[in-house]
Structures are given as structure tokens and as C-alpha cells.
Amino acid sequence: MAPSSTIRAVDAVARRLYAEGCRYAFGMPGGEVLTLVDALEDAGIRFILAKHENAAAFMAEGAYHRTGAPGILVATVGPGALNGVNAVANAHQDRVPMIVLAGAVDADEAQTYTHQVLDQQAVFRPITKASFSLVPGAAHVIADKAVAIATEGRPGPVHIDVPITVADAQVPAEAPARRVKASPVAPSGTDLETARSWLAQARRPVMVVGLDAMVEGAEAAIANFAETYNVPVVTTYKAKGLLPEDHALALGGAGLSPLADRHLLPLIEMADLILCVGYDPIEMRVGWRDIWDPMVQRVIDITAEPNHHYMHQSSLNSIADCAASLQAISDGIAPQETWAQGEIAATKAALAQAFPKDDAWGPAAVMDTCRRVLPRDTLATVDSGAHRILLSQMWECYAPRGLTQSTALCTMGCAIPLAMGTKLADPDRPVIGFCGDAGFLMVAGELSTAAELGLKPIILVFVDASLSLIELKQRSRQMKNRGVDFAKHDFAAMGVAFGGAGHTVTSRDELEQALKTAMTADTFTVIAAVIERGAYDGRL
């Protein structure tokens, strides 16, 4: 075969990822992945040098949410690959398609060489949908399989070990035929007729909407169904915005705030038909375990995969496309009067009253000011902590993926890299990352990456020098204050030190001015919002 008709094995992988729409890869190189980085760049995929692989994977997720193409994490052998484990596990639980490309020692070399050698596939198999070791004869097939597995059904990460000599091995330039994506399916037969009859009889229907619906782009179908049959919509945190949250039928996110659940669960208990549309309870907490009895209430579950979690059960199960299923169930069914006593509006009003926006200062005032000052199309990210629970109730989303967070694994320190990946892939939209002070300290070094890339997100830090959520739990159990407090730091100065702008604020007026200044700044901005300890008491 002539040299012109062959390419490197890693070129086959890179070209397949480019064809899928990937334009960015994130990570840290080592000698074992230099050929891989070269191939990605040659294919048109820009390699972004991060400061830590864990942050790199969250940047990759941020980019995915804006482009729809799988995120790419590049990690060198041993410690590089292991540094990314947390974020890869997060991608698996949060249903994020990601290709994890890890350098690896050649198999024959590993028999007599032990430095940095470990079974990386054994590490990644439990936290990915699949794990491969690249071999030259199947380079094209493995690349196509990885994309298909990562993106079809419930999305998730796929790991590929790339041995050093395999990366350079020559393979045919022409790829075999790619897998054709499956068509969406809807329920049929007796179950469909049952579902249709239940909808016709329902007078108190509710929709609980989750990740599968967001992944499938079912927002138009959900809005049409909800408006046609006057159905209130409750979402998981990750699915916020599938129905604009200023819509009269949108009841916001649920599952982590007991205060919100106090108003949402009674409505669900009153329902005579519950439609779980792409609802994956991996985001929910114990308060949502078995909240309905499918022997008493009619529950229809429409999901991408069978219910093997057993957190709840349903009366009818459909492994089907969300939009196609809603269309099939509703086809020809005339709308009836539902929720005739005004229960939807009353619940929405009660939620608004439970999370007031009129505080003079504190976390709620910070969130309200940001939502009021920043444009409607602002994209937000948030890391884990008490601030995330409150923000997920108070930050209104008007489109899917308007608030990105680690919802299933609840990882700290993700807001900054998520905001960076989001801004990189969608530079014309305002982006704000909401951080706890502890989460900020975990990943502060990535601000240097933001400066190097010329990214301009706003990073807002809630400063109370405590692990607020854990401290709150500690007090609720009458325990002593131990292991949750740390020193206050000058976060605004850190922003400046890493090449950005910095502001410290202690009032609504100061915050508003800082936000307005940040929106026209030529670099990223860190805004440190100083709040009192215990400011979340009674708010969650």
C-alpha cells in the first residue's frame, strides 16, 4: 500500500471525532500522548492545555453542552489518567458523552517494565460505558464504536487506551462505513392504548422531566403537551429550562431542596396521572424515593433505558423517545379541564414565597441581583454546596442547559472549568460561574488557563469561610463545629494575580456595579461576595 493511502492509528480516531463535530480537546500532555495531540490538531481539533485533568474534563463537558459534540479528555499514562477519574465518573452519572483518550505503555513493554504501569482499563470500566485499547487493525472501528456508544441511548464517557507505538502505527486512510444512528421509537400496542385512555381521563396530570428529555431535545414537545393539556412541569436540576421557568406551568427544579419539595410533593401526591418524561432519578435524593404508589396512582415512565434503579416504579414502562412518545400518547386525545381549583398557580406562588428575593443582602440577594442585572440569555454554572441548592431554585432558566452543574455525583470545584468550557464554545453569550469559596480554592489555578485563552467568564464566589452545607448538617445533628471552617482569603486579589479583574462586594449596589463592569471587561472577572456564616439557615 502506498504511503499516501495510510495514516497513523490516532489520525483515524481524530478524524472520526472531528466528523462528529468535536472541535476542542482538553488535558495535559505527556510523552505518551504527543502523537495523539498532534493528530487531534492536524484533524482540526484544538488542544486546550489545562492545569489539571479533572478540570479539563469539566471544561470538555461545558463545551459539549454548547456544541452537542462529545467532550474530549486527553490524559497521559498513570497519574494523568487517574487525575481525571472523578470528572469521568461525573460524566457517567450526569450522562455526558465524553471520549477519554489516555496514553498507555505498550502491552509487551508492560510485561517487563513497571514505571507508571497499571491496568487503566480496570480503573475506567466501572465509570464508563465502555473501555477499549487501541489496536491498529481496528482503529477506525474502535473510533466509530466509541462515538456511537458515547452518544446513543443514555450518553456517557468512553475510554480508549492509546499505547505508545500503536499511536504511530500505519492504518488504511479510508474508513469503513460508520454506524447509522437509530431512529426514535414510540410506545405501541396495548400499552399505548392504555396510556391514551389514562390521558383522556386525567384531571390532575403532572409531568416530571429529566435528563433523557434534555439529551433528546424534547423541549418543544414538552411545551406543546403541557400547554395543550394544562400539565404542570417539574424538572430535575440538570433539566431546568426544558420549559422556560417563567412559564405559568413551570414549577422549577426538584430533588435536593427539602423546602421546595414541601410544596412540590403534595401536588404530585394529588395527581391522577404522572408522566415521567426522560426522568432519571439519579439526580434526586431520599425525599423522592417511592413518592408515588403505581398501584394507586397511574404512572407512565418514558426513558432511554429500563428502570433498574428501583428508586420508584411505574404502571407503564416505555423504553422510547420522549418527544415521539408524547406525540403518540396525545394523538387525537381532546384536552379536558385539568387542575380546576387553581392548584398549579397556588404551588408556583408558594414556591416563590418560599424563596423570597427581597433580602437586603445574603446569598439570595446575590442570586437575585445577578439574575436581574445579567442578560436573559446568560449561561450559568455552579459547583456543589449550599449555594447550589439555593441557586437551583432561584436562578430561572429559559432554555435547556442554562444552568450546568454536577447533579448526580455532586462534585465540588466544577463551576470554574464548566464556565470556561462553556465560554470557549459559545464566546458571544454571557457566562457566570457560581462558586463556593472552598470549591474555588480547589481549582483556582485554572484561572491562569482562562487568561491564556482570553476567556471572559464572570466567576462569583460566595465567601463565608466555611463548608456551609456540611456545617449546617453538623449543627442539625447537634454536633460540634469540626473540620468545616477555614480562613477567609482575598479572592478578588487571586483573580487579579492570575491575569483577570477582581471585586469584593458586600451589598447589592456594589454587586450590581461589579457585574456591569465585568460585562465590558477585556478579561475574566472574579467577584467575591462576602456573606455571613449561617446565611443559608432556613433557605434550603
# chains A, B, ... in the order shown; residues from 1 in each chain; ligands from 1

$ residues_around --residues "stretch 340-357 of chain A" --least-positions-apart "4" --cutoff "10 Å" --atoms "only C-alpha atoms" --output "ChimeraX atom specification"
/A:203-204,206,230-233,248-252,259-264,266-267,270,361,363-369,390,393-394,538-540

$ select_by_dssp --residues "stretch 274-443 of chain A" --states "strand (DSSP E)" --output "list in words"
Ile274, Leu275, Cys276, Val277, Arg298, Val299, Ile300, Asp301, Ile302, Thr303, Leu316, Asn317, Ser318, Ile319, Leu379, Ala380, Thr381, Val382, Leu403, Thr404, Gln405, Val431, Ile432, Gly433, Phe434, Cys435 and Gly436 of chain A

$ write_last_selection --atoms "C-alpha atoms" --output "PDB file, in the first residue's frame"
ATOM      1  CA  ILE A 274     -47.844  11.163  36.484  1.00  0.00           C
ATOM      2  CA  LEU A 275     -45.851  11.238  33.265  1.00  0.00           C
ATOM      3  CA  CYS A 276     -42.149  10.666  33.871  1.00  0.00           C
ATOM      4  CA  VAL A 277     -40.598  12.034  30.687  1.00  0.00           C
ATOM      5  CA  ARG A 298     -51.267   5.961  37.265  1.00  0.00           C
ATOM      6  CA  VAL A 299     -47.598   6.452  36.386  1.00  0.00           C
ATOM      7  CA  ILE A 300     -46.136   6.341  32.868  1.00  0.00           C
ATOM      8  CA  ASP A 301     -42.335   6.093  32.611  1.00  0.00           C
ATOM      9  CA  ILE A 302     -40.705   7.074  29.289  1.00  0.00           C
ATOM     10  CA  THR A 303     -36.954   6.530  29.457  1.00  0.00           C
ATOM     11  CA  LEU A 316     -46.458   1.554  32.367  1.00  0.00           C
ATOM     12  CA  ASN A 317     -42.840   1.493  31.172  1.00  0.00           C
ATOM     13  CA  SER A 318     -41.688   2.591  27.715  1.00  0.00           C
ATOM     14  CA  ILE A 319     -38.099   2.450  26.500  1.00  0.00           C
ATOM     15  CA  LEU A 379     -25.394  30.846  30.816  1.00  0.00           C
ATOM     16  CA  ALA A 380     -24.614  29.852  34.400  1.00  0.00           C
ATOM     17  CA  THR A 381     -22.602  27.106  36.060  1.00  0.00           C
ATOM     18  CA  VAL A 382     -22.449  26.179  39.733  1.00  0.00           C
ATOM     19  CA  LEU A 403     -27.555  26.160  34.382  1.00  0.00           C
ATOM     20  CA  THR A 404     -24.856  23.492  34.260  1.00  0.00           C
ATOM     21  CA  GLN A 405     -23.796  21.650  37.380  1.00  0.00           C
ATOM     22  CA  VAL A 431     -21.316  33.217  31.216  1.00  0.00           C
ATOM     23  CA  ILE A 432     -21.197  33.257  35.018  1.00  0.00           C
ATOM     24  CA  GLY A 433     -19.825  30.565  37.287  1.00  0.00           C
ATOM     25  CA  PHE A 434     -21.115  30.465  40.871  1.00  0.00           C
ATOM     26  CA  CYS A 435     -18.570  29.003  43.322  1.00  0.00           C
ATOM     27  CA  GLY A 436     -18.342  28.265  46.966  1.00  0.00           C
TER      28      GLY A 436
END

$ atom_distance --atom1 "atom CA of A:Glu305" --atom2 "atom CA of A:Ala320"
8.3 Å

$ closest_residue --among "A:Asp246, A:Glu216, A:Glu61, A:Asp144" --to "A:Val13" --atoms "only C-alpha atoms"
A:Asp144

$ select_by_dssp --residues "stretch 204-303 of chain A" --states "helix (DSSP H, G or I)" --output "number ranges by chain"
A: 211-215, 219-229, 258-270, 281-283, 286-288

$ residues_around --residues "A:Gly44" --least-positions-apart "4" --cutoff "10 Å" --atoms "only C-alpha atoms" --output "PyMOL selection string"
chain A and resi 14-15+17-19+22-24+39-40

$ write_last_selection --atoms "N, CA and C atoms" --output "PDB file, in the first residue's frame"
ATOM      1  N   ALA A  14      -8.823  10.695  15.536  1.00  0.00           N
ATOM      2  CA  ALA A  14      -9.019  12.146  15.495  1.00  0.00           C
ATOM      3  C   ALA A  14      -9.981  12.550  14.379  1.00  0.00           C
ATOM      4  N   ARG A  15      -9.834  11.937  13.215  1.00  0.00           N
ATOM      5  CA  ARG A  15     -10.723  12.295  12.095  1.00  0.00           C
ATOM      6  C   ARG A  15     -12.173  11.907  12.383  1.00  0.00           C
ATOM      7  N   LEU A  17     -13.573  11.827  15.355  1.00  0.00           N
ATOM      8  CA  LEU A  17     -14.084  12.790  16.327  1.00  0.00           C
ATOM      9  C   LEU A  17     -14.379  14.132  15.665  1.00  0.00           C
ATOM     10  N   TYR A  18     -13.536  14.532  14.732  1.00  0.00           N
ATOM     11  CA  TYR A  18     -13.804  15.781  14.012  1.00  0.00           C
ATOM     12  C   TYR A  18     -15.104  15.662  13.208  1.00  0.00           C
ATOM     13  N   ALA A  19     -15.302  14.525  12.570  1.00  0.00           N
ATOM     14  CA  ALA A  19     -16.520  14.311  11.792  1.00  0.00           C
ATOM     15  C   ALA A  19     -17.762  14.346  12.667  1.00  0.00           C
ATOM     16  N   CYS A  22     -16.569  17.437  16.981  1.00  0.00           N
ATOM     17  CA  CYS A  22     -15.639  17.843  18.044  1.00  0.00           C
ATOM     18  C   CYS A  22     -14.643  18.865  17.495  1.00  0.00           C
ATOM     19  N   ARG A  23     -14.467  19.956  18.238  1.00  0.00           N
ATOM     20  CA  ARG A  23     -13.513  20.990  17.826  1.00  0.00           C
ATOM     21  C   ARG A  23     -12.525  21.331  18.935  1.00  0.00           C
ATOM     22  N   TYR A  24     -12.724  20.757  20.119  1.00  0.00           N
ATOM     23  CA  TYR A  24     -11.837  21.032  21.244  1.00  0.00           C
ATOM     24  C   TYR A  24     -11.502  19.730  21.960  1.00  0.00           C
ATOM     25  N   ALA A  39      -2.153  14.504  16.257  1.00  0.00           N
ATOM     26  CA  ALA A  39      -3.220  14.039  15.369  1.00  0.00           C
ATOM     27  C   ALA A  39      -4.498  14.853  15.545  1.00  0.00           C
ATOM     28  N   LEU A  40      -4.848  15.161  16.790  1.00  0.00           N
ATOM     29  CA  LEU A  40      -6.055  15.956  17.042  1.00  0.00           C
ATOM     30  C   LEU A  40      -5.936  17.322  16.385  1.00  0.00           C
TER      31      LEU A  40
END

$ closest_residue --among "A:Gln93, A:Gln170, A:Asn307, A:Gln313" --to "A:Ala9" --atoms "only C-alpha atoms"
A:Gln170

$ residues_around --residues "A:Gly332" --least-positions-apart "4" --cutoff "10 Å" --atoms "only C-alpha atoms" --output "list in words"
Arg196, Ala200, Gln327 and Ala328 of chain A

$ closest_atom_pairs --of "stretch 349-423 of chain A" --to "stretch 437-456 of chain A" --cutoff "10 Å" --atoms "only C-alpha atoms" --output "CSV"
residue,atom,partner,partner_atom,distance
A:Val382,CA,A:Gly439,CA,9.8
A:Asp383,CA,A:Gly439,CA,7.0
A:Ser384,CA,A:Gly439,CA,7.7
A:Gly385,CA,A:Gly439,CA,8.5
A:Thr411,CA,A:Gly439,CA,9.1
A:Met412,CA,A:Gly439,CA,5.3
A:Gly413,CA,A:Gly439,CA,4.1
A:Cys414,CA,A:Gly439,CA,7.6
A:Ala415,CA,A:Gly439,CA,8.1
A:Ile416,CA,A:Val443,CA,7.4
A:Pro417,CA,A:Glu446,CA,7.2
A:Ala419,CA,A:Lys456,CA,9.5
A:Met420,CA,A:Ala450,CA,6.7
A:Gly421,CA,A:Leu455,CA,9.4
A:Thr422,CA,A:Leu455,CA,9.9
A:Lys423,CA,A:Leu455,CA,6.7

$ closest_residue --among "A:Ile48, A:Leu273, A:Ala399, A:Met479" --to "A:Glu245" --atoms "only C-alpha atoms"
A:Ala399

$ residues_around --residues "A:Ala465" --least-positions-apart "3" --cutoff "12 Å" --atoms "only C-alpha atoms" --output "list of chain:residue names"
A:Gly436, A:Asp437, A:Ala438, A:Gly439, A:Phe440, A:Leu441, A:Val461, A:Phe462, A:Ser468, A:Leu469, A:Glu471, A:Gly483, A:Val484, A:Asp485, A:Phe486, A:Ala487, A:Lys488, A:His489, A:Asp490, A:Phe491, A:Ala528, A:Ala529, A:Val530, A:Ile531, A:Glu532, A:Arg533, A:Gly534, A:Ala535

$ residues_around --residues "A:Leu256" --least-positions-apart "4" --cutoff "10 Å" --atoms "only C-alpha atoms" --output "list in words"
Thr236, Tyr237, Ala260, Asp261, Glu283, Met284, Arg285, Val286, Gly287, Trp288, Arg388, Ile389, Leu390, Ser392, Gln393, Thr407 and Leu540 of chain A

$ decode --residues "stretch 152-302 of chain A" --atoms "C-alpha atoms" --output "PDB file, in the first residue's frame"
ATOM      1  CA  GLU A 152     -26.528   6.712  21.772  1.00  0.00           C
ATOM      2  CA  GLY A 153     -29.093   5.691  24.380  1.00  0.00           C
ATOM      3  CA  ARG A 154     -28.131   7.385  27.615  1.00  0.00           C
ATOM      4  CA  PRO A 155     -24.900   9.226  26.769  1.00  0.00           C
ATOM      5  CA  GLY A 156     -21.749   8.756  28.779  1.00  0.00           C
ATOM      6  CA  PRO A 157     -17.970   8.555  28.676  1.00  0.00           C
ATOM      7  CA  VAL A 158     -15.976   6.002  26.707  1.00  0.00           C
ATOM      8  CA  HIS A 159     -12.317   5.342  27.472  1.00  0.00           C
ATOM      9  CA  ILE A 160      -9.646   4.469  24.898  1.00  0.00           C
ATOM     10  CA  ASP A 161      -6.134   3.485  25.968  1.00  0.00           C
ATOM     11  CA  VAL A 162      -3.642   4.527  23.272  1.00  0.00           C
ATOM     12  CA  PRO A 163      -0.391   2.534  23.543  1.00  0.00           C
ATOM     13  CA  ILE A 164       2.702   4.480  22.517  1.00  0.00           C
ATOM     14  CA  THR A 165       3.715   2.523  19.409  1.00  0.00           C
ATOM     15  CA  VAL A 166       0.105   1.893  18.333  1.00  0.00           C
ATOM     16  CA  ALA A 167      -0.437   5.650  18.056  1.00  0.00           C
ATOM     17  CA  ASP A 168       2.120   5.811  15.230  1.00  0.00           C
ATOM     18  CA  ALA A 169       1.133   2.538  13.543  1.00  0.00           C
ATOM     19  CA  GLN A 170       0.011   2.941   9.933  1.00  0.00           C
ATOM     20  CA  VAL A 171      -3.567   2.044   9.061  1.00  0.00           C
ATOM     21  CA  PRO A 172      -5.633   2.472   5.874  1.00  0.00           C
ATOM     22  CA  ALA A 173      -6.705   6.082   5.388  1.00  0.00           C
ATOM     23  CA  GLU A 174     -10.158   5.100   4.174  1.00  0.00           C
ATOM     24  CA  ALA A 175     -12.567   4.313   6.980  1.00  0.00           C
ATOM     25  CA  PRO A 176     -15.229   1.597   6.703  1.00  0.00           C
ATOM     26  CA  ALA A 177     -18.896   2.541   6.771  1.00  0.00           C
ATOM     27  CA  ARG A 178     -19.985   4.178  10.025  1.00  0.00           C
ATOM     28  CA  ARG A 179     -22.840   3.025  12.172  1.00  0.00           C
ATOM     29  CA  VAL A 180     -26.184   4.529  11.201  1.00  0.00           C
ATOM     30  CA  LYS A 181     -27.913   6.150  14.166  1.00  0.00           C
ATOM     31  CA  ALA A 182     -31.149   4.514  15.311  1.00  0.00           C
ATOM     32  CA  SER A 183     -34.484   6.182  14.623  1.00  0.00           C
ATOM     33  CA  PRO A 184     -36.590   7.362  17.574  1.00  0.00           C
ATOM     34  CA  VAL A 185     -39.337   4.988  18.662  1.00  0.00           C
ATOM     35  CA  ALA A 186     -42.655   5.452  20.467  1.00  0.00           C
ATOM     36  CA  PRO A 187     -44.840   3.100  22.549  1.00  0.00           C
ATOM     37  CA  SER A 188     -47.327   0.975  20.673  1.00  0.00           C
ATOM     38  CA  GLY A 189     -49.962  -1.707  21.094  1.00  0.00           C
ATOM     39  CA  THR A 190     -51.956  -2.259  24.260  1.00  0.00           C
ATOM     40  CA  ASP A 191     -49.692  -0.098  26.428  1.00  0.00           C
ATOM     41  CA  LEU A 192     -50.150   2.853  24.087  1.00  0.00           C
ATOM     42  CA  GLU A 193     -53.919   2.491  24.146  1.00  0.00           C
ATOM     43  CA  THR A 194     -53.854   2.304  27.933  1.00  0.00           C
ATOM     44  CA  ALA A 195     -51.713   5.445  28.149  1.00  0.00           C
ATOM     45  CA  ARG A 196     -54.050   7.287  25.796  1.00  0.00           C
ATOM     46  CA  SER A 197     -57.102   6.319  27.827  1.00  0.00           C
ATOM     47  CA  TRP A 198     -55.404   7.475  31.031  1.00  0.00           C
ATOM     48  CA  LEU A 199     -54.615  10.851  29.471  1.00  0.00           C
ATOM     49  CA  ALA A 200     -58.223  11.228  28.330  1.00  0.00           C
ATOM     50  CA  GLN A 201     -59.440  10.534  31.868  1.00  0.00           C
ATOM     51  CA  ALA A 202     -56.829  12.610  33.718  1.00  0.00           C
ATOM     52  CA  ARG A 203     -57.965  15.710  35.580  1.00  0.00           C
ATOM     53  CA  ARG A 204     -54.799  16.223  37.642  1.00  0.00           C
ATOM     54  CA  PRO A 205     -51.861  15.241  35.386  1.00  0.00           C
ATOM     55  CA  VAL A 206     -48.237  16.105  36.241  1.00  0.00           C
ATOM     56  CA  MET A 207     -45.024  15.791  34.238  1.00  0.00           C
ATOM     57  CA  VAL A 208     -41.697  15.028  35.911  1.00  0.00           C
ATOM     58  CA  VAL A 209     -38.997  15.689  33.334  1.00  0.00           C
ATOM     59  CA  GLY A 210     -35.335  14.761  33.401  1.00  0.00           C
ATOM     60  CA  LEU A 211     -32.024  14.201  31.671  1.00  0.00           C
ATOM     61  CA  ASP A 212     -33.160  11.913  28.850  1.00  0.00           C
ATOM     62  CA  ALA A 213     -35.590  14.567  27.645  1.00  0.00           C
ATOM     63  CA  MET A 214     -32.837  17.192  27.639  1.00  0.00           C
ATOM     64  CA  VAL A 215     -30.430  14.951  25.747  1.00  0.00           C
ATOM     65  CA  GLU A 216     -33.099  14.144  23.166  1.00  0.00           C
ATOM     66  CA  GLY A 217     -34.017  17.805  22.623  1.00  0.00           C
ATOM     67  CA  ALA A 218     -37.650  17.244  23.630  1.00  0.00           C
ATOM     68  CA  GLU A 219     -38.338  20.785  24.873  1.00  0.00           C
ATOM     69  CA  ALA A 220     -40.784  21.710  22.083  1.00  0.00           C
ATOM     70  CA  ALA A 221     -42.782  18.509  22.558  1.00  0.00           C
ATOM     71  CA  ILE A 222     -42.893  19.036  26.333  1.00  0.00           C
ATOM     72  CA  ALA A 223     -44.102  22.632  25.981  1.00  0.00           C
ATOM     73  CA  ASN A 224     -46.767  21.650  23.451  1.00  0.00           C
ATOM     74  CA  PHE A 225     -48.038  18.764  25.590  1.00  0.00           C
ATOM     75  CA  ALA A 226     -48.050  20.830  28.787  1.00  0.00           C
ATOM     76  CA  GLU A 227     -49.922  23.731  27.197  1.00  0.00           C
ATOM     77  CA  THR A 228     -52.420  21.520  25.381  1.00  0.00           C
ATOM     78  CA  TYR A 229     -53.450  19.577  28.487  1.00  0.00           C
ATOM     79  CA  ASN A 230     -52.605  22.167  31.192  1.00  0.00           C
ATOM     80  CA  VAL A 231     -49.980  19.943  32.808  1.00  0.00           C
ATOM     81  CA  PRO A 232     -47.527  21.370  35.372  1.00  0.00           C
ATOM     82  CA  VAL A 233     -43.882  20.508  34.719  1.00  0.00           C
ATOM     83  CA  VAL A 234     -41.375  19.643  37.445  1.00  0.00           C
ATOM     84  CA  THR A 235     -37.784  19.068  36.305  1.00  0.00           C
ATOM     85  CA  THR A 236     -34.619  17.664  37.757  1.00  0.00           C
ATOM     86  CA  TYR A 237     -31.865  20.245  38.290  1.00  0.00           C
ATOM     87  CA  LYS A 238     -29.988  19.218  35.139  1.00  0.00           C
ATOM     88  CA  ALA A 239     -33.156  19.530  33.045  1.00  0.00           C
ATOM     89  CA  LYS A 240     -34.030  23.059  34.209  1.00  0.00           C
ATOM     90  CA  GLY A 241     -35.278  25.221  31.367  1.00  0.00           C
ATOM     91  CA  LEU A 242     -36.829  22.465  29.247  1.00  0.00           C
ATOM     92  CA  LEU A 243     -39.933  24.550  29.857  1.00  0.00           C
ATOM     93  CA  PRO A 244     -38.993  28.225  30.377  1.00  0.00           C
ATOM     94  CA  GLU A 245     -39.182  28.766  34.115  1.00  0.00           C
ATOM     95  CA  ASP A 246     -41.209  31.948  33.835  1.00  0.00           C
ATOM     96  CA  HIS A 247     -43.948  29.880  32.129  1.00  0.00           C
ATOM     97  CA  ALA A 248     -47.116  29.518  34.188  1.00  0.00           C
ATOM     98  CA  LEU A 249     -46.826  25.704  34.077  1.00  0.00           C
ATOM     99  CA  ALA A 250     -43.131  25.517  35.059  1.00  0.00           C
ATOM    100  CA  LEU A 251     -42.551  24.579  38.692  1.00  0.00           C
ATOM    101  CA  GLY A 252     -38.752  24.568  38.535  1.00  0.00           C
ATOM    102  CA  GLY A 253     -36.178  22.041  39.652  1.00  0.00           C
ATOM    103  CA  ALA A 254     -36.675  19.488  42.402  1.00  0.00           C
ATOM    104  CA  GLY A 255     -34.982  16.784  44.383  1.00  0.00           C
ATOM    105  CA  LEU A 256     -32.355  18.415  46.581  1.00  0.00           C
ATOM    106  CA  SER A 257     -34.198  21.198  48.408  1.00  0.00           C
ATOM    107  CA  PRO A 258     -36.498  19.979  51.204  1.00  0.00           C
ATOM    108  CA  LEU A 259     -38.052  23.449  51.225  1.00  0.00           C
ATOM    109  CA  ALA A 260     -39.047  23.183  47.563  1.00  0.00           C
ATOM    110  CA  ASP A 261     -40.184  19.591  47.966  1.00  0.00           C
ATOM    111  CA  ARG A 262     -42.502  20.681  50.768  1.00  0.00           C
ATOM    112  CA  HIS A 263     -44.602  22.393  48.088  1.00  0.00           C
ATOM    113  CA  LEU A 264     -43.999  20.103  45.102  1.00  0.00           C
ATOM    114  CA  LEU A 265     -44.612  16.703  46.665  1.00  0.00           C
ATOM    115  CA  PRO A 266     -48.212  17.433  47.769  1.00  0.00           C
ATOM    116  CA  LEU A 267     -49.053  18.357  44.176  1.00  0.00           C
ATOM    117  CA  ILE A 268     -47.578  15.080  42.935  1.00  0.00           C
ATOM    118  CA  GLU A 269     -49.444  13.163  45.611  1.00  0.00           C
ATOM    119  CA  MET A 270     -52.699  14.737  44.345  1.00  0.00           C
ATOM    120  CA  ALA A 271     -52.015  13.763  40.723  1.00  0.00           C
ATOM    121  CA  ASP A 272     -54.158  11.157  38.992  1.00  0.00           C
ATOM    122  CA  LEU A 273     -51.622  10.745  36.170  1.00  0.00           C
ATOM    123  CA  ILE A 274     -47.844  11.163  36.484  1.00  0.00           C
ATOM    124  CA  LEU A 275     -45.851  11.238  33.265  1.00  0.00           C
ATOM    125  CA  CYS A 276     -42.149  10.666  33.871  1.00  0.00           C
ATOM    126  CA  VAL A 277     -40.598  12.034  30.687  1.00  0.00           C
ATOM    127  CA  GLY A 278     -36.925  11.145  30.441  1.00  0.00           C
ATOM    128  CA  TYR A 279     -36.830  11.208  34.226  1.00  0.00           C
ATOM    129  CA  ASP A 280     -33.717   9.605  35.669  1.00  0.00           C
ATOM    130  CA  PRO A 281     -33.848   9.762  39.480  1.00  0.00           C
ATOM    131  CA  ILE A 282     -30.051   9.654  39.788  1.00  0.00           C
ATOM    132  CA  GLU A 283     -30.297  13.405  40.479  1.00  0.00           C
ATOM    133  CA  MET A 284     -32.844  13.016  43.273  1.00  0.00           C
ATOM    134  CA  ARG A 285     -32.440  12.467  46.991  1.00  0.00           C
ATOM    135  CA  VAL A 286     -34.146  10.250  49.548  1.00  0.00           C
ATOM    136  CA  GLY A 287     -37.156  12.553  49.786  1.00  0.00           C
ATOM    137  CA  TRP A 288     -38.138  11.392  46.293  1.00  0.00           C
ATOM    138  CA  ARG A 289     -37.798   7.685  46.950  1.00  0.00           C
ATOM    139  CA  ASP A 290     -41.113   5.899  46.321  1.00  0.00           C
ATOM    140  CA  ILE A 291     -43.135   9.121  46.419  1.00  0.00           C
ATOM    141  CA  TRP A 292     -45.914   7.516  44.442  1.00  0.00           C
ATOM    142  CA  ASP A 293     -47.553   4.101  44.501  1.00  0.00           C
ATOM    143  CA  PRO A 294     -48.080   2.772  40.949  1.00  0.00           C
ATOM    144  CA  MET A 295     -50.812   0.517  42.306  1.00  0.00           C
ATOM    145  CA  VAL A 296     -52.765   3.604  43.393  1.00  0.00           C
ATOM    146  CA  GLN A 297     -51.637   6.347  41.003  1.00  0.00           C
ATOM    147  CA  ARG A 298     -51.267   5.961  37.265  1.00  0.00           C
ATOM    148  CA  VAL A 299     -47.598   6.452  36.386  1.00  0.00           C
ATOM    149  CA  ILE A 300     -46.136   6.341  32.868  1.00  0.00           C
ATOM    150  CA  ASP A 301     -42.335   6.093  32.611  1.00  0.00           C
ATOM    151  CA  ILE A 302     -40.705   7.074  29.289  1.00  0.00           C
TER     152      ILE A 302
END
